[in-house]
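Undergrad: Mind having a look at this structure? Questions to follow.
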Amino acid sequence: MEFDISIYVLISLISFGHNLGTKQKDVTQNIGEKMAIRQEKQILMKAVVYTRYGPPEVLQLKEVGKPTPTDDQVLIKVHATTVNRTDCGFRKPEYGFIVRVINGLFRPRKKILGSEFAGEIEAIGKDITAFKPGDSVFGLSTGRFGAHAEYVCIPEKGSIAIKPANMSYEDAAAVCDGLMLAMTYIRKIDFQNSKEILVNGASGSIGSACVQLAKCYGAKITAVCNTKNIGLVRSLGAERVIDYTKDDFTQDNQIYDVVIDAVGKSSFFRRKRLLKPGGVYYSTDLGFLAQNIFLALWTRVFSSKKVKFPIPKESNKDIEFFKEIIEAGKYKAIIDRRYSLDQIVEATRYVETGQKTGNVIITIL
Ligand SMILES: NC(=O)c1ccc[n+]([C@@H]2O[C@H](COP(=O)([O-])OP(=O)(O)OC[C@H]3O[C@@H](n4cnc5c(N)ncnc54)[C@H](OP(=O)(O)O)[C@@H]3O)[C@@H](O)[C@H]2O)c1
């Protein structure tokens with residue numbers, strides 16, 4: 001689109017400078033006609049586009065050009081995607097300056113959100129060896145985004161793998177963001193020596209993934225959630241559950257090797273007494289005045305109880321690992337609500353209540 005506009009501006013300038021030369025006028029006319037024909041031939045797809053930062057209402061369902069894969073990309077017909085907190089953070093943007101630096105200071109550079117996808121490969125670039133048309137795949141496209149659309153292009157070396165055989169497209173779409181973020185913390189834990197783990201916000205996308213992953217590694221998990229989710233978090237592997245509507249878990253008598261705050265609703269200072277000496281506190285959020293970054297540096301030297309704030313990293317090795325644990329029956333997708341692409345504003349408003357259980361799906365096909 002931007003390309004077409006710049007050609008259009010160029011043509012206008014040429015035309016303005018030479019408007020008395022009939023020959024030049026003919027050339028310009030020809031280019032204009034060629035462009036019109038090309039635009040007519042352009043294949044369109046439905047996508048949710050946003051051209052300015054703001055509330056959920058900035059998201060609009062539009063027809064845009066269907067993407068074409070480059071040599072190292074696959075073109076995926078998206079069957080299902082999600083609305084997650086990362087999408088919301090890039091749209092609002094709740095992480096303020098950082099997001100604006102990444103995605104455009106005044107207006108978003110990447111105009112189609114959607115970081116999780118599951119679908120079928122429709123076409124491949126000429127250098128692709130790992131996938132073929134017709135393959136069912138799932139994965140993650142954080143930073144690149146683009147999955148809130150009928151088609152998305154993903155690099156072969158990106159976070160993409162063959163979809164688990166025992167999972168629907170909807171379930172597979174709901175796996176990767178929470179799991180990838182949970183892996184950021186879980187892979188740092190030495191499970192030989194750290195068995196007692198508390199997960200706050202265990203019913204959310206990241207929290208529910210933390211509980212299931214920690215269970216895979218043999219941890220003894222205490223989960224904090226609302227009354228309505230007690231049964232769910234137990235079924236995911238929590239041995240003990242604290243209902244935050246009835247008890248203040250920060251006053252718990254038990255102490256833990258690791259505390260993971262998967263909702264970022266409190267601070268290290270309130271949680272510190274829950275940690276054993278040498279214990280570690282992880283948070284999914286930066287905290288008030290980005291304190292968790294500074295506390296990570298400070299506690300590294302000056303405290304036996306540590307704050308760690310690892311930076312999430314995507315990798316296709318992780319997506320393959322997710323496929324393995326799903327096919328081994330050790331991980332299941334938690335889906336709260338399902339919406340269609342034209343209900344994206346409603347879906348986003350729900351996600352922003354901060355009260356979804358697991359994940360919110362957008363079914364496209
Ligand atoms: N580090 C990163 O790169 C990154 C990326 C994405 C998101 N995040 C952050 O990570 C956090 C979690 O994201 P998410 O997608 O997992 O969130 P989410 O799915 O929206 O989870 C919210 C869950 O937390 C529960 N909850 C709400 N208030 C609670 C409280 N006071 N105590 C315990 N549980 C509570 C909710 O259940 P009830 O309402 O039923 O209690 C809900 O199930 C968010 O704060 C988000 O900003 C970080």
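Each chain of the structure tokens is named A, B, ... in the order shown, its residues numbered from 1; ligands are numbered from 1 in display order.
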Please give me, as a PyMOL selection string, the residues lying within 8 Å of ligand 1 when counting only C-alpha atoms and all ligand atoms.

TA: chain A and resi 84-86+89+177-178+181+200-208+224-229+244+262-265+283-286+311-312+351-359

Undergrad: Please dump the current selection as a tab-separated table (two decimals), in the first residue's frame; keep N, CA and C atoms.

TA:
chain	number	residue	atom	x	y	z
A	84	ASN	N	-4.38	-11.49	22.65
A	84	ASN	CA	-3.69	-11.65	23.93
A	84	ASN	C	-3.20	-10.30	24.46
A	85	ARG	N	-2.58	-10.36	25.64
A	85	ARG	CA	-2.17	-9.12	26.29
A	85	ARG	C	-1.05	-8.43	25.52
A	86	THR	N	-0.29	-9.20	24.75
A	86	THR	CA	0.78	-8.60	23.94
A	86	THR	C	0.15	-7.74	22.84
A	89	GLY	N	-1.07	-4.65	24.49
A	89	GLY	CA	0.05	-3.78	24.87
A	89	GLY	C	0.59	-3.00	23.68
A	177	ASP	N	1.79	-18.19	23.01
A	177	ASP	CA	2.21	-16.95	23.69
A	177	ASP	C	2.41	-17.20	25.19
A	178	GLY	N	1.39	-17.78	25.83
A	178	GLY	CA	1.50	-18.06	27.26
A	178	GLY	C	2.65	-19.02	27.57
A	181	LEU	N	6.13	-17.37	27.07
A	181	LEU	CA	6.45	-16.46	28.18
A	181	LEU	C	6.72	-17.25	29.46
A	200	ASN	N	1.19	-16.97	41.22
A	200	ASN	CA	0.06	-16.06	41.40
A	200	ASN	C	-0.53	-15.75	40.02
A	201	GLY	N	-1.86	-15.73	39.92
A	201	GLY	CA	-2.50	-15.51	38.61
A	201	GLY	C	-2.46	-16.79	37.79
A	202	ALA	N	-2.68	-17.92	38.48
A	202	ALA	CA	-2.52	-19.23	37.84
A	202	ALA	C	-3.60	-19.53	36.80
A	203	SER	N	-4.64	-18.71	36.72
A	203	SER	CA	-5.71	-18.99	35.75
A	203	SER	C	-5.54	-18.19	34.46
A	204	GLY	N	-4.53	-17.33	34.40
A	204	GLY	CA	-4.32	-16.54	33.18
A	204	GLY	C	-3.58	-17.33	32.12
A	205	SER	N	-3.30	-16.68	31.01
A	205	SER	CA	-2.62	-17.36	29.92
A	205	SER	C	-1.21	-17.81	30.34
A	206	ILE	N	-0.43	-16.88	30.91
A	206	ILE	CA	0.94	-17.21	31.32
A	206	ILE	C	0.91	-18.08	32.58
A	207	GLY	N	0.05	-17.72	33.53
A	207	GLY	CA	-0.02	-18.46	34.81
A	207	GLY	C	-0.39	-19.92	34.59
A	208	SER	N	-1.41	-20.17	33.75
A	208	SER	CA	-1.83	-21.56	33.54
A	208	SER	C	-0.72	-22.34	32.83
A	224	VAL	N	-2.43	-19.47	43.04
A	224	VAL	CA	-3.34	-18.45	43.58
A	224	VAL	C	-4.31	-18.06	42.47
A	225	CYS	N	-5.61	-18.16	42.77
A	225	CYS	CA	-6.61	-17.80	41.77
A	225	CYS	C	-7.93	-17.46	42.45
A	226	ASN	N	-8.90	-17.12	41.62
A	226	ASN	CA	-10.26	-16.81	42.05
A	226	ASN	C	-11.02	-18.11	42.36
A	227	THR	N	-12.08	-18.02	43.17
A	227	THR	CA	-12.87	-19.21	43.55
A	227	THR	C	-13.27	-20.03	42.33
A	228	LYS	N	-13.73	-19.31	41.28
A	228	LYS	CA	-14.29	-20.05	40.13
A	228	LYS	C	-13.23	-20.88	39.38
A	229	ASN	N	-11.96	-20.59	39.58
A	229	ASN	CA	-10.93	-21.32	38.83
A	229	ASN	C	-10.17	-22.37	39.65
A	244	TYR	N	-7.72	-16.15	46.21
A	244	TYR	CA	-7.34	-14.78	46.60
A	244	TYR	C	-8.53	-13.92	47.03
A	262	ALA	N	2.37	-14.01	37.90
A	262	ALA	CA	1.98	-14.02	36.48
A	262	ALA	C	0.87	-13.02	36.18
A	263	VAL	N	0.55	-12.16	37.15
A	263	VAL	CA	-0.40	-11.08	36.84
A	263	VAL	C	0.15	-9.70	37.16
A	264	GLY	N	1.30	-9.66	37.76
A	264	GLY	CA	1.92	-8.37	38.07
A	264	GLY	C	1.07	-7.46	38.93
A	265	LYS	N	0.33	-8.07	39.88
A	265	LYS	CA	-0.57	-7.25	40.70
A	265	LYS	C	0.05	-6.81	42.03
A	283	SER	N	8.53	-11.88	37.88
A	283	SER	CA	7.26	-11.21	37.57
A	283	SER	C	7.14	-11.05	36.06
A	284	THR	N	5.90	-11.17	35.57
A	284	THR	CA	5.68	-10.98	34.13
A	284	THR	C	5.63	-9.49	33.77
A	285	ASP	N	5.56	-8.65	34.80
A	285	ASP	CA	5.42	-7.21	34.54
A	285	ASP	C	6.61	-6.44	35.10
A	286	LEU	N	6.80	-5.25	34.57
A	286	LEU	CA	7.93	-4.43	35.00
A	286	LEU	C	7.76	-3.91	36.43
A	311	ILE	N	14.36	-11.65	29.85
A	311	ILE	CA	13.68	-11.12	28.66
A	311	ILE	C	13.17	-12.29	27.81
A	312	PRO	N	11.87	-12.27	27.46
A	312	PRO	CA	11.35	-13.38	26.66
A	312	PRO	C	12.00	-13.45	25.29
A	351	VAL	N	-10.53	-9.16	26.76
A	351	VAL	CA	-9.15	-9.46	27.18
A	351	VAL	C	-8.65	-8.37	28.13
A	352	GLU	N	-9.05	-7.13	27.85
A	352	GLU	CA	-8.55	-6.02	28.67
A	352	GLU	C	-9.23	-5.90	30.03
A	353	THR	N	-10.21	-6.75	30.30
A	353	THR	CA	-10.75	-6.76	31.67
A	353	THR	C	-9.70	-7.36	32.61
A	354	GLY	N	-8.71	-8.09	32.03
A	354	GLY	CA	-7.69	-8.75	32.86
A	354	GLY	C	-8.26	-9.96	33.58
A	355	GLN	N	-9.42	-10.46	33.10
A	355	GLN	CA	-10.08	-11.54	33.82
A	355	GLN	C	-10.36	-12.75	32.96
A	356	LYS	N	-9.68	-12.84	31.83
A	356	LYS	CA	-9.91	-14.04	31.01
A	356	LYS	C	-9.27	-15.24	31.72
A	357	THR	N	-9.87	-16.38	31.49
A	357	THR	CA	-9.28	-17.62	32.01
A	357	THR	C	-8.56	-18.28	30.85
A	358	GLY	N	-7.25	-18.29	30.89
A	358	GLY	CA	-6.49	-18.84	29.77
A	358	GLY	C	-6.51	-17.90	28.58
A	359	ASN	N	-7.14	-18.33	27.48
A	359	ASN	CA	-6.97	-17.60	26.22
A	359	ASN	C	-8.29	-17.28	25.53

Undergrad: Contacts of Glu150 (chain A) at 12 Å or less, counting only C-alpha atoms, minus same-chain residues fewer than 6 places along, as JSON, numbers by chain?

TA: {"A": [43, 44, 45, 46, 47, 48, 61, 62, 63, 64, 65, 66, 67, 75, 76, 77, 78, 79, 80, 81, 112, 114, 117, 118, 119, 120, 121, 122, 340, 341, 342, 362, 363, 364, 365]}

Undergrad: Could you write those residues out with C-alpha atoms, as a compact mmCIF listing (two decimals), in the first residue's frame?

TA:
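The result, written out as part09.txt:
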# COMPACT_ATOMS: atom_id res chain seq x y z
CA ILE A 43 -5.83 -10.38 -4.43
CA LEU A 44 -7.48 -9.11 -1.28
CA MET A 45 -7.99 -10.69 2.14
CA LYS A 46 -9.82 -9.70 5.31
CA ALA A 47 -7.65 -8.36 8.12
CA VAL A 48 -8.03 -6.31 11.27
CA LEU A 61 -11.94 -5.09 9.76
CA LYS A 62 -10.80 -4.19 6.23
CA GLU A 63 -9.83 -5.70 2.90
CA VAL A 64 -6.10 -5.45 2.30
CA GLY A 65 -3.64 -7.04 -0.13
CA LYS A 66 -2.96 -10.72 0.50
CA PRO A 67 0.73 -11.10 1.42
CA LEU A 75 2.18 -18.33 3.44
CA ILE A 76 -0.33 -19.60 6.00
CA LYS A 77 -4.09 -19.64 5.64
CA VAL A 78 -4.98 -18.76 9.22
CA HIS A 79 -7.70 -20.93 10.76
CA ALA A 80 -7.47 -19.51 14.27
CA THR A 81 -5.62 -16.81 16.17
CA ILE A 112 -2.08 -5.82 11.65
CA GLY A 114 -2.09 -11.01 16.08
CA PHE A 117 -1.62 -18.54 14.71
CA ALA A 118 -2.67 -21.99 13.63
CA GLY A 119 -3.47 -22.79 10.03
CA GLU A 120 -2.53 -24.49 6.82
CA ILE A 121 0.42 -23.68 4.58
CA GLU A 122 -0.86 -22.51 1.23
CA SER A 340 -15.02 -14.25 14.93
CA LEU A 341 -12.70 -11.79 13.18
CA ASP A 342 -15.45 -9.16 12.89
CA ILE A 362 -10.51 -15.66 17.11
CA THR A 363 -11.84 -18.30 14.74
CA ILE A 364 -11.24 -17.34 11.13
CA LEU A 365 -12.04 -20.50 9.19

Undergrad: Going by DSSP on the backbone, which bits of region 262-310 of chain A are alpha helix (DSSP H)? Write them as a VMD selection string, please.

TA: chain A and resid 268 to 271 291 to 302

Undergrad: Keeping only C-alpha atoms, write those residues as a JSON list (two decimals), in the first residue's frame.

TA:
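So the final result, stored in out-v1.json, reads:
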[["chain", "number", "residue", "atom", "x", "y", "z"],
["A", 268, "PHE", "CA", 8.66, -8.07, 45.41],
["A", 269, "PHE", "CA", 8.48, -6.21, 48.72],
["A", 270, "ARG", "CA", 5.07, -7.75, 49.50],
["A", 271, "ARG", "CA", 6.19, -11.22, 48.33],
["A", 291, "GLN", "CA", 11.17, -1.47, 39.60],
["A", 292, "ASN", "CA", 11.69, -5.13, 38.71],
["A", 293, "ILE", "CA", 14.57, -4.27, 36.38],
["A", 294, "PHE", "CA", 16.34, -2.29, 39.12],
["A", 295, "LEU", "CA", 15.50, -4.87, 41.78],
["A", 296, "ALA", "CA", 16.99, -7.60, 39.57],
["A", 297, "LEU", "CA", 20.30, -5.68, 39.58],
["A", 298, "TRP", "CA", 20.13, -4.72, 43.25],
["A", 299, "THR", "CA", 19.21, -8.14, 44.67],
["A", 300, "ARG", "CA", 21.89, -9.82, 42.57],
["A", 301, "VAL", "CA", 24.48, -8.24, 44.86],
["A", 302, "PHE", "CA", 22.72, -7.10, 48.01]]

Undergrad: For each of A:Lys306, A:Lys157, A:Lys163, A:Arg52, take the minimum atom-to-atom distance to Gly134 (chain A), counting only C-alpha atoms, then give the residue where this is smallest.

TA: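 For Gly134 (chain A), the nearest of the candidates is A:Lys163.
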
Undergrad: List every residue of region 141-219 of chain A that has an atom at most 8 Å from any atom of region 323-333 of chain A, giving for each one its closest atom pair and the distance in Å to one decimal, counting only C-alpha atoms, sorted by chain and then by ascending residue number, as a tab-separated table.

TA:
residue	atom	partner	partner_atom	distance
A:Ala161	CA	A:Lys323	CA	7.7
A:Ile162	CA	A:Lys323	CA	7.7
A:Lys163	CA	A:Lys323	CA	6.8
A:Pro164	CA	A:Lys323	CA	5.2
A:Ala165	CA	A:Glu327	CA	6.9
A:Asn166	CA	A:Glu327	CA	6.3
A:Asp171	CA	A:Ala333	CA	5.5
A:Ala172	CA	A:Ala333	CA	7.2
A:Ala174	CA	A:Ala333	CA	5.9
A:Val175	CA	A:Ala333	CA	5.7
A:Gln212	CA	A:Tyr331	CA	6.3
A:Leu213	CA	A:Tyr331	CA	7.7
A:Cys216	CA	A:Lys330	CA	6.8

Undergrad: I want to know what sits within 10 Å of Val58 (chain A), based on only C-alpha atoms, with residues of the same chain fewer than 4 positions away left out; could you give that as a PyMOL selection string?

TA: chain A and resi 48-54+91-92+345

Undergrad: Output C-alpha atoms for every residue in the selection just made, as an mmCIF file, in the first residue's frame.

TA:
data_model
loop_
_atom_site.group_PDB
_atom_site.id
_atom_site.type_symbol
_atom_site.label_atom_id
_atom_site.label_comp_id
_atom_site.auth_asym_id
_atom_site.auth_seq_id
_atom_site.Cartn_x
_atom_site.Cartn_y
_atom_site.Cartn_z
ATOM 1 C CA VAL A 48 -8.029 -6.307 11.274
ATOM 2 C CA VAL A 49 -6.096 -3.097 10.748
ATOM 3 C CA TYR A 50 -5.212 -0.283 13.134
ATOM 4 C CA THR A 51 -3.638 2.935 11.936
ATOM 5 C CA ARG A 52 -3.384 4.752 15.271
ATOM 6 C CA TYR A 53 -2.750 3.822 18.889
ATOM 7 C CA GLY A 54 -5.813 3.885 21.101
ATOM 8 C CA ARG A 91 -2.252 -1.243 20.533
ATOM 9 C CA LYS A 92 -2.728 0.934 23.616
ATOM 10 C CA VAL A 345 -13.275 -5.153 19.274
#

Undergrad: Could you pull out the strand (DSSP E or B) residues of region 27-236 of chain A from DSSP and send them as a ChimeraX atom specification?

TA: /A:44-49,60-65,73-83,112,116-124,136-140,149,151-155,159-162,196-200,220-225

Undergrad: Limited to C-alpha atoms, could you put the picked residues into a file as a short mmCIF file (atom, residue, chain, number, x, y, z; two decimals), in the first residue's frame?

TA:
data_model
loop_
_atom_site.label_atom_id
_atom_site.label_comp_id
_atom_site.auth_asym_id
_atom_site.auth_seq_id
_atom_site.Cartn_x
_atom_site.Cartn_y
_atom_site.Cartn_z
CA LEU A 44 -7.48 -9.11 -1.28
CA MET A 45 -7.99 -10.69 2.14
CA LYS A 46 -9.82 -9.70 5.31
CA ALA A 47 -7.65 -8.36 8.12
CA VAL A 48 -8.03 -6.31 11.27
CA VAL A 49 -6.10 -3.10 10.75
CA GLN A 60 -11.12 -2.12 11.97
CA LEU A 61 -11.94 -5.09 9.76
CA LYS A 62 -10.80 -4.19 6.23
CA GLU A 63 -9.83 -5.70 2.90
CA VAL A 64 -6.10 -5.45 2.30
CA GLY A 65 -3.64 -7.04 -0.13
CA GLN A 73 8.78 -17.56 4.13
CA VAL A 74 5.66 -19.70 4.13
CA LEU A 75 2.18 -18.33 3.44
CA ILE A 76 -0.33 -19.60 6.00
CA LYS A 77 -4.09 -19.64 5.64
CA VAL A 78 -4.98 -18.76 9.22
CA HIS A 79 -7.70 -20.93 10.76
CA ALA A 80 -7.47 -19.51 14.27
CA THR A 81 -5.62 -16.81 16.17
CA THR A 82 -5.98 -15.14 19.58
CA VAL A 83 -6.28 -11.75 21.17
CA ILE A 112 -2.08 -5.82 11.65
CA GLU A 116 -0.48 -16.50 17.68
CA PHE A 117 -1.62 -18.54 14.71
CA ALA A 118 -2.67 -21.99 13.63
CA GLY A 119 -3.47 -22.79 10.03
CA GLU A 120 -2.53 -24.49 6.82
CA ILE A 121 0.42 -23.68 4.58
CA GLU A 122 -0.86 -22.51 1.23
CA ALA A 123 2.38 -21.57 -0.52
CA ILE A 124 6.12 -21.58 0.18
CA SER A 136 -0.92 -27.84 9.32
CA VAL A 137 1.22 -25.55 11.45
CA PHE A 138 1.06 -23.43 14.58
CA GLY A 139 3.30 -20.83 16.15
CA LEU A 140 4.07 -17.34 17.23
CA ALA A 149 -5.93 -11.78 9.06
CA TYR A 151 -3.31 -15.01 5.64
CA VAL A 152 0.06 -14.41 7.27
CA CYS A 153 3.64 -14.95 6.07
CA ILE A 154 6.10 -16.49 8.55
CA PRO A 155 9.82 -17.16 8.02
CA SER A 159 8.57 -19.68 15.69
CA ILE A 160 6.64 -22.22 13.66
CA ALA A 161 6.21 -26.00 13.80
CA ILE A 162 3.87 -28.69 12.56
CA GLU A 196 8.29 -25.55 46.02
CA ILE A 197 6.78 -23.04 43.62
CA LEU A 198 3.99 -20.51 44.02
CA VAL A 199 2.22 -19.14 40.94
CA ASN A 200 0.06 -16.06 41.40
CA LYS A 220 5.18 -28.96 43.94
CA ILE A 221 2.89 -26.10 43.01
CA THR A 222 0.75 -23.73 45.04
CA ALA A 223 -1.56 -21.72 42.81
CA VAL A 224 -3.34 -18.45 43.58
CA CYS A 225 -6.61 -17.80 41.77
#

Undergrad: Would you mind listing what lies within 12 Å of Asp257 (chain A) as an NGL selection string, with only C-alpha atoms counted and same-chain residues fewer than 4 positions away left out?

TA: :A and (189-199 or 219-222 or 272-282 or 304-306)

Undergrad: Selected residues, C-alpha atoms, written as a compact mmCIF listing (two decimals), in the first residue's frame, please.

TA:
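Result saved to selection.txt:
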# COMPACT_ATOMS: atom_id res chain seq x y z
CA ILE A 189 14.57 -22.70 37.53
CA ASP A 190 16.83 -25.43 38.85
CA PHE A 191 14.13 -28.01 39.58
CA GLN A 192 16.61 -30.36 41.33
CA ASN A 193 16.94 -27.86 44.15
CA SER A 194 13.77 -25.78 43.76
CA LYS A 195 10.68 -27.87 44.19
CA GLU A 196 8.29 -25.55 46.02
CA ILE A 197 6.78 -23.04 43.62
CA LEU A 198 3.99 -20.51 44.02
CA VAL A 199 2.22 -19.14 40.94
CA ALA A 219 7.54 -29.17 40.96
CA LYS A 220 5.18 -28.96 43.94
CA ILE A 221 2.89 -26.10 43.01
CA THR A 222 0.75 -23.73 45.04
CA LYS A 272 9.66 -11.30 49.86
CA ARG A 273 8.59 -13.00 53.07
CA LEU A 274 7.25 -15.93 51.02
CA LEU A 275 10.72 -16.77 49.72
CA LYS A 276 13.25 -19.11 51.29
CA PRO A 277 16.81 -17.71 51.58
CA GLY A 278 18.22 -18.04 48.06
CA GLY A 279 14.66 -18.03 46.69
CA VAL A 280 13.77 -16.24 43.45
CA TYR A 281 10.88 -13.92 42.53
CA TYR A 282 9.84 -13.64 38.88
CA SER A 304 19.91 -13.48 49.36
CA LYS A 305 16.36 -13.36 47.94
CA LYS A 306 16.58 -12.53 44.25
